[in-house]
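Novice: So here's query00.tsv (TSV, C-alpha atoms).
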chain	number	residue	atom	x	y	z
A	1	MET	CA	15.23	6.63	-10.67
A	2	ARG	CA	11.57	7.48	-10.11
A	3	THR	CA	10.29	6.96	-6.60
A	4	SER	CA	6.85	5.82	-5.51
A	5	SER	CA	4.35	7.98	-3.67
A	6	ASN	CA	4.16	5.09	-1.26
A	7	PRO	CA	6.98	5.83	1.24
A	8	VAL	CA	7.68	2.15	1.73
A	9	PHE	CA	8.47	1.65	-1.96
A	10	SER	CA	10.46	4.87	-2.05
A	11	SER	CA	12.83	3.72	0.68
A	12	LEU	CA	12.82	0.17	-0.63
A	13	SER	CA	14.14	1.41	-3.95
A	14	GLN	CA	16.89	3.41	-2.24
A	15	GLY	CA	17.92	0.49	-0.06
A	16	SER	CA	17.93	-1.91	-2.95
A	17	ALA	CA	20.02	0.45	-4.99
A	18	ARG	CA	22.83	-0.04	-2.54
A	19	GLY	CA	22.40	-3.81	-2.76
A	20	ALA	CA	22.32	-3.73	-6.52
A	21	THR	CA	25.54	-1.74	-6.58
A	22	GLN	CA	27.24	-4.73	-4.97
A	23	LEU	CA	25.69	-7.21	-7.37
A	24	GLY	CA	27.74	-6.13	-10.34
A	25	GLY	CA	27.38	-4.12	-13.51
A	26	ALA	CA	23.91	-5.27	-14.55
A	27	GLY	CA	22.29	-4.61	-11.18
A	28	ARG	CA	24.17	-1.35	-10.72
A	29	ALA	CA	23.19	0.04	-14.09
A	30	THR	CA	19.45	-0.39	-13.56
A	31	PHE	CA	19.46	1.85	-10.52
A	32	GLN	CA	21.17	4.74	-12.30
A	33	GLN	CA	18.79	7.39	-13.65
A	34	GLY	CA	20.86	7.96	-16.74
A	35	GLN	CA	20.80	4.29	-17.71
A	36	TYR	CA	17.04	4.11	-18.24
A	37	GLY	CA	16.91	6.21	-21.37
A	38	GLN	CA	13.54	7.91	-21.78
A	39	GLN	CA	11.15	8.04	-18.86
A	40	GLY	CA	8.19	5.69	-18.86
A	41	TYR	CA	8.22	2.94	-21.42
A	42	GLY	CA	10.82	4.25	-23.81
A	43	ALA	CA	13.80	2.27	-25.00
A	44	GLN	CA	15.74	0.65	-22.20
A	45	PRO	CA	19.02	-1.18	-22.24
A	46	GLY	CA	19.12	-4.93	-22.10
A	47	TYR	CA	19.31	-6.41	-18.63
A	48	GLY	CA	21.88	-9.08	-17.99
A	49	ALA	CA	20.98	-12.13	-15.97
A	50	PRO	CA	20.87	-11.16	-12.25
A	51	GLN	CA	23.83	-12.53	-10.35
A	52	ALA	CA	23.57	-13.64	-6.75
A	53	HIS	CA	26.10	-12.44	-4.22
A	54	PRO	CA	27.29	-14.45	-1.22
A	55	GLN	CA	27.04	-11.50	1.15
A	56	PHE	CA	23.25	-11.74	1.14
A	57	ASP	CA	23.46	-14.80	3.42
A	58	THR	CA	20.61	-17.24	2.74
A	59	ASP	CA	18.81	-14.81	0.43
A	60	THR	CA	21.27	-15.17	-2.43
A	61	ARG	CA	18.63	-15.78	-5.09
A	62	PRO	CA	17.50	-12.65	-6.98
A	63	MET	CA	13.96	-11.48	-6.37
A	64	THR	CA	11.24	-12.57	-8.78
A	65	ILE	CA	7.60	-11.67	-9.32
A	66	ASP	CA	6.67	-15.03	-7.79
A	67	ASP	CA	8.45	-13.97	-4.59
A	68	VAL	CA	6.42	-10.76	-4.52
A	69	VAL	CA	3.17	-12.64	-5.06
A	70	THR	CA	3.97	-15.26	-2.41
A	71	LYS	CA	5.01	-12.80	0.30
A	72	THR	CA	2.13	-10.46	-0.43
A	73	ALA	CA	-0.28	-13.40	-0.19
A	74	MET	CA	1.23	-14.42	3.14
A	75	THR	CA	0.85	-10.89	4.50
A	76	LEU	CA	-2.72	-10.53	3.29
A	77	GLY	CA	-3.55	-14.00	4.56
A	78	LEU	CA	-2.39	-13.09	8.07
A	79	LEU	CA	-4.27	-9.79	7.84
A	80	SER	CA	-7.45	-11.62	6.84
A	81	ILE	CA	-7.22	-14.16	9.67
A	82	VAL	CA	-6.57	-11.50	12.31
A	83	GLY	CA	-9.32	-9.36	10.77
A	84	ALA	CA	-11.90	-12.15	10.91
A	85	VAL	CA	-11.02	-13.02	14.51
A	86	GLY	CA	-10.99	-9.34	15.47
A	87	PHE	CA	-14.40	-8.75	13.88
A	88	TYR	CA	-15.84	-11.67	15.85
A	89	MET	CA	-14.34	-10.38	19.09
A	90	ILE	CA	-15.82	-6.92	18.51
A	91	SER	CA	-19.20	-8.48	17.75
A	92	VAL	CA	-19.08	-10.25	21.11
A	93	ASN	CA	-17.66	-7.23	22.96
A	94	PRO	CA	-18.29	-3.89	21.15
A	95	GLY	CA	-16.04	-2.19	23.70
A	96	LEU	CA	-13.07	-3.53	21.74
A	97	LEU	CA	-13.94	-1.40	18.72
A	98	LEU	CA	-12.01	1.72	19.73
A	99	PRO	CA	-8.95	-0.13	21.14
A	100	PHE	CA	-8.63	-2.22	17.98
A	101	LEU	CA	-9.07	0.86	15.81
A	102	LEU	CA	-6.37	2.81	17.66
A	103	VAL	CA	-3.92	-0.05	18.18
A	104	GLY	CA	-4.25	-1.26	14.61
A	105	GLY	CA	-4.16	2.17	12.99
A	106	ILE	CA	-1.42	3.79	15.07
A	107	GLY	CA	0.57	0.56	15.39
A	108	GLY	CA	0.48	0.00	11.65
A	109	LEU	CA	1.65	3.56	11.03
A	110	VAL	CA	4.55	3.12	13.45
A	111	VAL	CA	5.61	-0.13	11.76
A	112	VAL	CA	5.59	1.54	8.34
A	113	LEU	CA	7.70	4.41	9.68
A	114	ILE	CA	10.17	1.93	11.19
A	115	ALA	CA	10.38	0.01	7.92
A	116	THR	CA	10.82	3.21	5.92
A	117	PHE	CA	13.26	5.21	8.00
A	118	GLY	CA	14.88	2.29	9.82
A	119	ARG	CA	15.82	0.55	6.57
A	120	LYS	CA	13.86	-2.58	7.51
A	121	MET	CA	12.14	-3.09	4.15
A	122	ASP	CA	13.66	-6.55	3.80
A	123	SER	CA	12.35	-7.76	7.17
A	124	ALA	CA	9.72	-10.50	7.21
A	125	PRO	CA	8.82	-9.84	10.91
A	126	ILE	CA	8.21	-6.15	10.14
A	127	THR	CA	5.92	-6.91	7.20
A	128	LEU	CA	4.00	-9.65	9.02
A	129	THR	CA	3.64	-7.47	12.11
A	130	TYR	CA	2.09	-4.79	9.93
A	131	GLY	CA	-0.28	-7.38	8.49
A	132	ALA	CA	-1.41	-8.44	11.98
A	133	LEU	CA	-1.89	-4.86	13.19
A	134	GLU	CA	-3.79	-3.87	10.08
A	135	GLY	CA	-5.98	-6.92	10.63
A	136	LEU	CA	-7.18	-5.31	13.87
A	137	PHE	CA	-7.68	-1.98	12.14
A	138	VAL	CA	-9.58	-3.52	9.23
A	139	ALA	CA	-11.76	-5.50	11.63
A	140	ALA	CA	-12.71	-2.37	13.57
A	141	ALA	CA	-13.27	-0.28	10.43
A	142	THR	CA	-15.37	-3.02	8.84
A	143	TYR	CA	-17.51	-3.29	11.97
A	144	LEU	CA	-17.90	0.49	12.10
A	145	PHE	CA	-19.02	0.78	8.46
A	146	THR	CA	-21.33	-2.26	8.50
A	147	VAL	CA	-22.77	-3.12	11.92
A	148	GLY	CA	-22.39	0.52	12.92
A	149	ASP	CA	-24.69	1.41	10.00
A	150	GLY	CA	-27.27	-1.12	11.14
A	151	LEU	CA	-26.40	-3.98	8.80
A	152	GLN	CA	-26.97	-7.52	10.00
A	153	GLY	CA	-26.41	-11.08	8.83
A	154	SER	CA	-26.01	-11.55	5.11
A	155	ALA	CA	-26.05	-7.79	4.53
A	156	ILE	CA	-22.69	-7.54	6.32
A	157	LEU	CA	-21.19	-10.28	4.17
A	158	GLY	CA	-22.59	-8.60	1.08
A	159	ALA	CA	-21.07	-5.23	1.95
A	160	VAL	CA	-17.68	-6.70	2.84
A	161	GLY	CA	-17.69	-8.90	-0.25
A	162	ALA	CA	-18.50	-5.94	-2.48
A	163	ALA	CA	-15.68	-3.88	-0.96
A	164	ILE	CA	-13.21	-6.74	-1.42
A	165	LEU	CA	-14.29	-7.31	-5.02
A	166	GLY	CA	-14.04	-3.59	-5.67
A	167	THR	CA	-10.52	-3.52	-4.27
A	168	ILE	CA	-9.46	-6.52	-6.34
A	169	GLY	CA	-11.07	-5.03	-9.42
A	170	VAL	CA	-9.18	-1.75	-9.06
A	171	PHE	CA	-5.93	-3.62	-8.43
A	172	VAL	CA	-6.32	-5.80	-11.52
A	173	GLY	CA	-7.44	-2.85	-13.61
A	174	MET	CA	-4.42	-0.75	-12.67
A	175	LEU	CA	-2.12	-3.71	-13.27
A	176	PHE	CA	-3.56	-3.95	-16.79
A	177	VAL	CA	-3.07	-0.21	-17.26
A	178	TYR	CA	0.55	-0.54	-16.15
A	179	LYS	CA	1.30	-3.54	-18.34
A	180	THR	CA	-0.22	-1.96	-21.45
A	181	GLY	CA	1.50	1.37	-20.83
A	182	ALA	CA	-1.79	3.26	-21.12
A	183	VAL	CA	-0.53	5.65	-18.44
A	184	ARG	CA	3.16	6.49	-18.51
A	185	VAL	CA	4.89	6.65	-15.14
A	186	THR	CA	6.94	9.83	-15.48
A	187	PRO	CA	8.61	12.12	-12.92
A	188	LYS	CA	5.86	14.70	-13.49
A	189	PHE	CA	3.19	12.06	-12.86
A	190	THR	CA	5.00	10.96	-9.69
A	191	ARG	CA	5.26	14.52	-8.34
A	192	PHE	CA	1.62	15.23	-9.07
A	193	LEU	CA	0.41	12.05	-7.38
A	194	THR	CA	2.69	12.53	-4.37
A	195	ALA	CA	1.42	16.08	-3.90
A	196	GLY	CA	-2.15	14.80	-4.04
A	197	ILE	CA	-1.56	12.13	-1.41
A	198	VAL	CA	0.19	14.55	0.94
A	199	GLY	CA	-2.65	17.00	0.40
A	200	VAL	CA	-5.45	14.59	1.30
A	201	LEU	CA	-3.44	13.34	4.28
A	202	PHE	CA	-3.11	16.80	5.76
A	203	ALA	CA	-6.70	17.68	4.86
A	204	GLY	CA	-8.04	14.56	6.53
A	205	LEU	CA	-5.97	14.87	9.69
A	206	GLY	CA	-6.59	18.61	9.88
A	207	SER	CA	-10.35	18.22	9.63
A	208	ILE	CA	-10.33	15.57	12.37
A	209	VAL	CA	-8.29	17.74	14.73
A	210	LEU	CA	-10.45	20.78	13.97
A	211	SER	CA	-13.66	18.90	14.65
A	212	LEU	CA	-12.28	17.63	17.97
A	213	PHE	CA	-11.46	21.15	19.14
A	214	THR	CA	-14.61	22.81	17.83
A	215	GLY	CA	-17.02	20.00	18.67
A	216	GLY	CA	-18.72	20.38	15.31
A	217	SER	CA	-19.28	17.89	12.52
A	218	ASN	CA	-16.48	16.94	10.17
A	219	PRO	CA	-17.48	17.85	6.61
A	220	LEU	CA	-14.93	15.44	5.13
A	221	TYR	CA	-16.36	12.44	7.01
A	222	ASP	CA	-20.01	13.27	7.72
A	223	GLY	CA	-21.43	11.52	4.66
A	224	GLY	CA	-22.40	14.72	2.85
A	225	PRO	CA	-21.53	15.71	-0.73
A	226	LEU	CA	-18.10	17.03	0.29
A	227	ALA	CA	-17.33	13.80	2.18
A	228	ILE	CA	-18.35	11.71	-0.84
A	229	GLY	CA	-16.16	13.79	-3.13
A	230	PHE	CA	-13.22	13.52	-0.72
A	231	CYS	CA	-13.67	9.74	-0.53
A	232	LEU	CA	-13.73	9.45	-4.33
A	233	LEU	CA	-10.54	11.50	-4.50
A	234	CYS	CA	-8.85	9.14	-2.03
A	235	ILE	CA	-9.96	6.12	-4.03
A	236	GLY	CA	-8.54	7.65	-7.20
A	237	LEU	CA	-5.21	8.45	-5.57
A	238	ALA	CA	-4.95	4.96	-4.08
A	239	ALA	CA	-5.70	3.42	-7.47
A	240	PHE	CA	-3.05	5.42	-9.32
A	241	SER	CA	-0.55	4.71	-6.55
A	242	PHE	CA	-0.53	1.13	-7.78
A	243	LEU	CA	1.14	2.29	-11.00
A	244	LEU	CA	4.07	3.73	-9.12
A	245	ASP	CA	4.29	0.69	-6.88
A	246	PHE	CA	4.25	-1.71	-9.84
A	247	ASP	CA	6.94	0.34	-11.54
A	248	ASN	CA	9.24	0.23	-8.53
A	249	ALA	CA	8.69	-3.48	-7.96
A	250	ASP	CA	9.43	-4.15	-11.64
A	251	ARG	CA	12.69	-2.23	-11.43
A	252	LEU	CA	13.80	-4.12	-8.34
A	253	VAL	CA	13.22	-7.43	-10.13
A	254	ARG	CA	15.06	-6.24	-13.23
A	255	ALA	CA	17.98	-5.03	-11.12
A	256	GLY	CA	18.42	-8.44	-9.51
A	257	ALA	CA	17.69	-7.16	-5.99
A	258	PRO	CA	18.05	-9.85	-3.29
A	259	ASN	CA	15.11	-12.12	-2.66
A	260	LYS	CA	14.43	-10.71	0.82
A	261	MET	CA	13.51	-7.33	-0.70
A	262	ALA	CA	10.22	-8.90	-1.78
A	263	TRP	CA	9.03	-8.41	1.81
A	264	GLY	CA	9.30	-4.67	1.31
A	265	VAL	CA	7.30	-4.88	-1.90
A	266	ALA	CA	4.64	-6.91	-0.08
A	267	LEU	CA	4.50	-4.28	2.66
A	268	GLY	CA	4.04	-1.47	0.16
A	269	LEU	CA	1.28	-3.27	-1.74
A	270	THR	CA	-0.52	-4.13	1.49
A	271	VAL	CA	-0.48	-0.50	2.59
A	272	THR	CA	-2.18	0.58	-0.63
A	273	LEU	CA	-4.65	-2.32	-0.67
A	274	VAL	CA	-5.80	-1.62	2.90
A	275	TRP	CA	-6.21	2.09	2.14
A	276	LEU	CA	-8.27	1.33	-0.96
A	277	TYR	CA	-10.47	-1.23	0.83
A	278	ILE	CA	-11.28	1.16	3.69
A	279	GLU	CA	-12.13	4.00	1.31
A	280	ILE	CA	-14.45	1.80	-0.78
A	281	LEU	CA	-16.16	0.52	2.37
A	282	ARG	CA	-16.57	4.10	3.61
A	283	LEU	CA	-18.04	5.25	0.31
A	284	MET	CA	-20.56	2.43	0.37
A	285	SER	CA	-21.53	3.48	3.89
A	286	TYR	CA	-22.20	7.03	2.69
A	287	PHE	CA	-24.51	5.86	-0.08
A	288	ARG	CA	-26.45	3.64	2.34
A	289	ASP	CA	-27.00	6.68	4.54
Now, as a test, write the supplied structure out as structure tokens.

Specialist:
Amino acid sequence: MRTSSNPVFSSLSQGSARGATQLGGAGRATFQQGQYGQQGYGAQPGYGAPQAHPQFDTDTRPMTIDDVVTKTAMTLGLLSIVGAVGFYMISVNPGLLLPFLLVGGIGGLVVVLIATFGRKMDSAPITLTYGALEGLFVAAATYLFTVGDGLQGSAILGAVGAAILGTIGVFVGMLFVYKTGAVRVTPKFTRFLTAGIVGVLFAGLGSIVLSLFTGGSNPLYDGGPLAIGFCLLCIGLAAFSFLLDFDNADRLVRAGAPNKMAWGVALGLTVTLVWLYIEILRLMSYFRD
């Protein structure tokens, strides 16, 4: 089975494979690489009706797309509420900017690592905790890229609204690309995208550490041509990550994974959406400068 570049979806798929094995033949077959036929959108075998299993406690109903949408909306709703409150608190007390940025960013990363390596992808508390922590991070980042750039009043709302619309637009566009099969999700595509994400991660962290030790400017984040190019690369990688995430979510639904696994899908989508929003907001900040 192909795995997503998003580590949450990668582990979610592995964990659900074990659950699908216990669901019966139909669920088990969909998680076997050899059962999918050609990679991408080639011929696939028919999927039997997902069967619930009593061992899944109260979550006996198989996961559906509606479950994914509902749980993702709940997570993003919590993130938005915490983000709005956090932004107001920073506006009143700018000293909260750095604490919110660190607590939200580092805390969110820790939660994702726990969900990924601790096999907690089906946990509602884990996903909602991530949403709350990322609300703090988004609030601080939004303040930094708007008020920190000298924007006031309606200009702040305009910048935030444009970043949100841009994020939604990319999400919808990549969903259309996935549904039409314009880009085939193949193992080669997955490896290429994963390598790109790992590369920008190490490049970004490395440049930050280097600038801290040398005391010089960071060329990847100083608003210059290289920083703009790096930001565009991150936006592109985040956008194409949606294809892998959609593919994994679709396979979980087809395999009849338990309903609670939708929390893991919501977590993975939220990770990518937050990354995309921050990069779009940062790019807009560069062009204002």

Novice: A:Gly216, A:Gly150, A:Gly268, A:Gly199: which is nearest Arg288 of chain A, counting only C-alpha atoms?

Specialist: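 Of A:Gly216, A:Gly150, A:Gly268, A:Gly199, the one nearest Arg288 of chain A is A:Gly150, counting only C-alpha atoms.
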
Novice: Calculate how many Å separate atom CA of Tyr88 of chain A from atom CA of Ala139 of chain A, rounding to one decimal.

Specialist: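 Spanning atom CA of Tyr88 of chain A to atom CA of Ala139 of chain A is a straight-line distance of 8.5 Å.
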
Novice: Which is closest to Cys231 of chain A among A:Tyr277, A:Tyr130, A:Tyr143, A:Tyr178, if we use all atoms listed in the file?

Specialist: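 For Cys231 of chain A, the nearest of the given residues is A:Tyr277.
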
Novice: Just how far from atom CA of Leu98 of chain A is atom CA of Leu133 of chain A, in Å to one decimal?

Specialist: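 Straight-line distance from atom CA of Leu133 of chain A to atom CA of Leu98 of chain A works out to 13.7 Å.
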
Novice: Place a sphere of radius 10 Å on (3.4, 1.1, 12.1) in the file coordinates and name every protein, DNA or RNA residue with an atom inside or on its surface, counting all atoms listed in the file; give the answer as a PyMOL selection string.

Specialist: chain A and resi 103-116+126-127+129-131+133-134

Novice: Report the distance between atom CA of Gly173 of chain A and atom CA of Gly264 of chain A in Å, rounded to one decimal place.

Specialist: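 Spanning atom CA of Gly173 of chain A to atom CA of Gly264 of chain A is a straight-line distance of 22.5 Å.
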
Novice: Using all atoms listed in the file, which residue out of A:Gly215, A:Met63, A:Gly223, A:Val138 lies closest to Val271 of chain A?

Specialist: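 Smallest separation from Val271 of chain A among the options: A:Val138.
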
Novice: Could you check which of A:Ala182, A:Thr167, A:Phe242, A:Ser91 is closest to Gly153 of chain A, using only C-alpha atoms?

Specialist: A:Ser91

Novice: Can you tell me, as a PyMOL selection string, what residues are no more than 6 Å from Asn259 of chain A when counting all atoms listed in the file, ignoring any on the same chain fewer than 3 positions away?

Specialist: chain A and resi 59+61-63+262

Novice: Which residues of segment 145-197 of chain A sit at most 8 Å from segment 243-258 of chain A, using only C-alpha atoms? Give each one's shortest atom pair and distance in Å (one decimal place), in chain and ascending residue order, as a tab-separated table.

Specialist:
residue	atom	partner	partner_atom	distance
A:Met174	CA	A:Leu243	CA	6.6
A:Leu175	CA	A:Leu243	CA	7.2
A:Val177	CA	A:Leu243	CA	7.9
A:Tyr178	CA	A:Leu243	CA	5.9
A:Val185	CA	A:Leu244	CA	6.7
A:Thr190	CA	A:Leu244	CA	7.3

Novice: Ranking A:Tyr286, A:Phe145, A:Phe117, A:Phe87 by minimum distance to Ala227 of chain A and counting only C-alpha atoms, which one comes first?

Specialist: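 Between A:Tyr286, A:Phe145, A:Phe117, A:Phe87, the residue approaching Ala227 of chain A most closely is A:Tyr286.
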
Novice: A:Asp122, A:Lys188, A:Gln152, A:Leu220: which is nearest Ala203 of chain A, counting all atoms listed in the file?

Specialist: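 For Ala203 of chain A, the nearest of the given residues is A:Leu220.
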
Novice: Quick one: everything within 12 Å of Pro225 of chain A, counting all atoms listed in the file, minus sequence neighbours fewer than 4 positions away in the same chain. Send it as a ChimeraX atom specification.

Specialist: /A:219-221,229-232,283,286-287,289

Novice: Write out N, CA, C and O atoms for segment 111-135 of chain A, as a JSON list (two decimals), keeping the file's coordinate frame.

Specialist:
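Listing of result.json after writing:
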[["chain", "number", "residue", "atom", "x", "y", "z"],
["A", 111, "VAL", "N", 4.85, 0.93, 12.43],
["A", 111, "VAL", "CA", 5.61, -0.13, 11.76],
["A", 111, "VAL", "C", 6.08, 0.34, 10.39],
["A", 111, "VAL", "O", 7.22, 0.09, 9.99],
["A", 112, "VAL", "N", 5.20, 1.03, 9.65],
["A", 112, "VAL", "CA", 5.59, 1.54, 8.34],
["A", 112, "VAL", "C", 6.72, 2.55, 8.46],
["A", 112, "VAL", "O", 7.66, 2.56, 7.66],
["A", 113, "LEU", "N", 6.65, 3.42, 9.47],
["A", 113, "LEU", "CA", 7.70, 4.41, 9.68],
["A", 113, "LEU", "C", 9.02, 3.72, 10.03],
["A", 113, "LEU", "O", 10.10, 4.14, 9.56],
["A", 114, "ILE", "N", 8.96, 2.67, 10.85],
["A", 114, "ILE", "CA", 10.17, 1.93, 11.19],
["A", 114, "ILE", "C", 10.77, 1.27, 9.95],
["A", 114, "ILE", "O", 11.99, 1.32, 9.72],
["A", 115, "ALA", "N", 9.90, 0.66, 9.14],
["A", 115, "ALA", "CA", 10.38, 0.01, 7.92],
["A", 115, "ALA", "C", 10.99, 1.02, 6.95],
["A", 115, "ALA", "O", 11.98, 0.74, 6.28],
["A", 116, "THR", "N", 10.38, 2.22, 6.89],
["A", 116, "THR", "CA", 10.82, 3.21, 5.92],
["A", 116, "THR", "C", 12.11, 3.89, 6.35],
["A", 116, "THR", "O", 13.09, 3.93, 5.60],
["A", 117, "PHE", "N", 12.11, 4.43, 7.56],
["A", 117, "PHE", "CA", 13.26, 5.21, 8.00],
["A", 117, "PHE", "C", 14.32, 4.37, 8.73],
["A", 117, "PHE", "O", 15.45, 4.81, 8.90],
["A", 118, "GLY", "N", 13.93, 3.17, 9.16],
["A", 118, "GLY", "CA", 14.88, 2.29, 9.82],
["A", 118, "GLY", "C", 15.52, 1.30, 8.89],
["A", 118, "GLY", "O", 16.26, 0.41, 9.32],
["A", 119, "ARG", "N", 15.25, 1.44, 7.59],
["A", 119, "ARG", "CA", 15.82, 0.55, 6.57],
["A", 119, "ARG", "C", 15.54, -0.92, 6.88],
["A", 119, "ARG", "O", 16.42, -1.77, 6.83],
["A", 120, "LYS", "N", 14.26, -1.21, 7.18],
["A", 120, "LYS", "CA", 13.86, -2.58, 7.51],
["A", 120, "LYS", "C", 12.92, -3.14, 6.44],
["A", 120, "LYS", "O", 12.10, -4.01, 6.73],
["A", 121, "MET", "N", 13.06, -2.66, 5.20],
["A", 121, "MET", "CA", 12.14, -3.09, 4.15],
["A", 121, "MET", "C", 12.31, -4.55, 3.77],
["A", 121, "MET", "O", 11.45, -5.12, 3.11],
["A", 122, "ASP", "N", 13.43, -5.15, 4.15],
["A", 122, "ASP", "CA", 13.66, -6.55, 3.80],
["A", 122, "ASP", "C", 13.33, -7.49, 4.95],
["A", 122, "ASP", "O", 13.69, -8.66, 4.93],
["A", 123, "SER", "N", 12.61, -6.99, 5.95],
["A", 123, "SER", "CA", 12.35, -7.76, 7.17],
["A", 123, "SER", "C", 10.98, -8.44, 7.10],
["A", 123, "SER", "O", 9.94, -7.77, 7.01],
["A", 124, "ALA", "N", 10.98, -9.76, 7.18],
["A", 124, "ALA", "CA", 9.72, -10.50, 7.21],
["A", 124, "ALA", "C", 8.93, -10.21, 8.49],
["A", 124, "ALA", "O", 7.71, -10.00, 8.42],
["A", 125, "PRO", "N", 9.57, -10.16, 9.69],
["A", 125, "PRO", "CA", 8.82, -9.84, 10.91],
["A", 125, "PRO", "C", 8.12, -8.47, 10.83],
["A", 125, "PRO", "O", 6.99, -8.32, 11.30],
["A", 126, "ILE", "N", 8.80, -7.47, 10.25],
["A", 126, "ILE", "CA", 8.21, -6.15, 10.14],
["A", 126, "ILE", "C", 6.94, -6.20, 9.28],
["A", 126, "ILE", "O", 5.89, -5.68, 9.64],
["A", 127, "THR", "N", 7.05, -6.83, 8.12],
["A", 127, "THR", "CA", 5.92, -6.91, 7.20],
["A", 127, "THR", "C", 4.76, -7.70, 7.80],
["A", 127, "THR", "O", 3.60, -7.30, 7.71],
["A", 128, "LEU", "N", 5.06, -8.82, 8.42],
["A", 128, "LEU", "CA", 4.00, -9.65, 9.02],
["A", 128, "LEU", "C", 3.38, -8.97, 10.24],
["A", 128, "LEU", "O", 2.18, -9.12, 10.49],
["A", 129, "THR", "N", 4.18, -8.23, 10.99],
["A", 129, "THR", "CA", 3.64, -7.47, 12.11],
["A", 129, "THR", "C", 2.65, -6.42, 11.62],
["A", 129, "THR", "O", 1.58, -6.21, 12.20],
["A", 130, "TYR", "N", 3.01, -5.77, 10.53],
["A", 130, "TYR", "CA", 2.09, -4.79, 9.93],
["A", 130, "TYR", "C", 0.79, -5.48, 9.52],
["A", 130, "TYR", "O", -0.30, -4.95, 9.75],
["A", 131, "GLY", "N", 0.91, -6.66, 8.91],
["A", 131, "GLY", "CA", -0.28, -7.38, 8.49],
["A", 131, "GLY", "C", -1.20, -7.70, 9.66],
["A", 131, "GLY", "O", -2.42, -7.56, 9.57],
["A", 132, "ALA", "N", -0.61, -8.11, 10.80],
["A", 132, "ALA", "CA", -1.41, -8.44, 11.98],
["A", 132, "ALA", "C", -2.08, -7.19, 12.55],
["A", 132, "ALA", "O", -3.27, -7.21, 12.90],
["A", 133, "LEU", "N", -1.33, -6.09, 12.65],
["A", 133, "LEU", "CA", -1.89, -4.86, 13.19],
["A", 133, "LEU", "C", -3.00, -4.31, 12.29],
["A", 133, "LEU", "O", -4.05, -3.86, 12.78],
["A", 134, "GLU", "N", -2.77, -4.36, 11.00],
["A", 134, "GLU", "CA", -3.79, -3.87, 10.08],
["A", 134, "GLU", "C", -5.02, -4.78, 10.09],
["A", 134, "GLU", "O", -6.12, -4.34, 9.75],
["A", 135, "GLY", "N", -4.83, -6.04, 10.47],
["A", 135, "GLY", "CA", -5.98, -6.92, 10.63],
["A", 135, "GLY", "C", -6.92, -6.40, 11.70],
["A", 135, "GLY", "O", -8.15, -6.41, 11.53]]
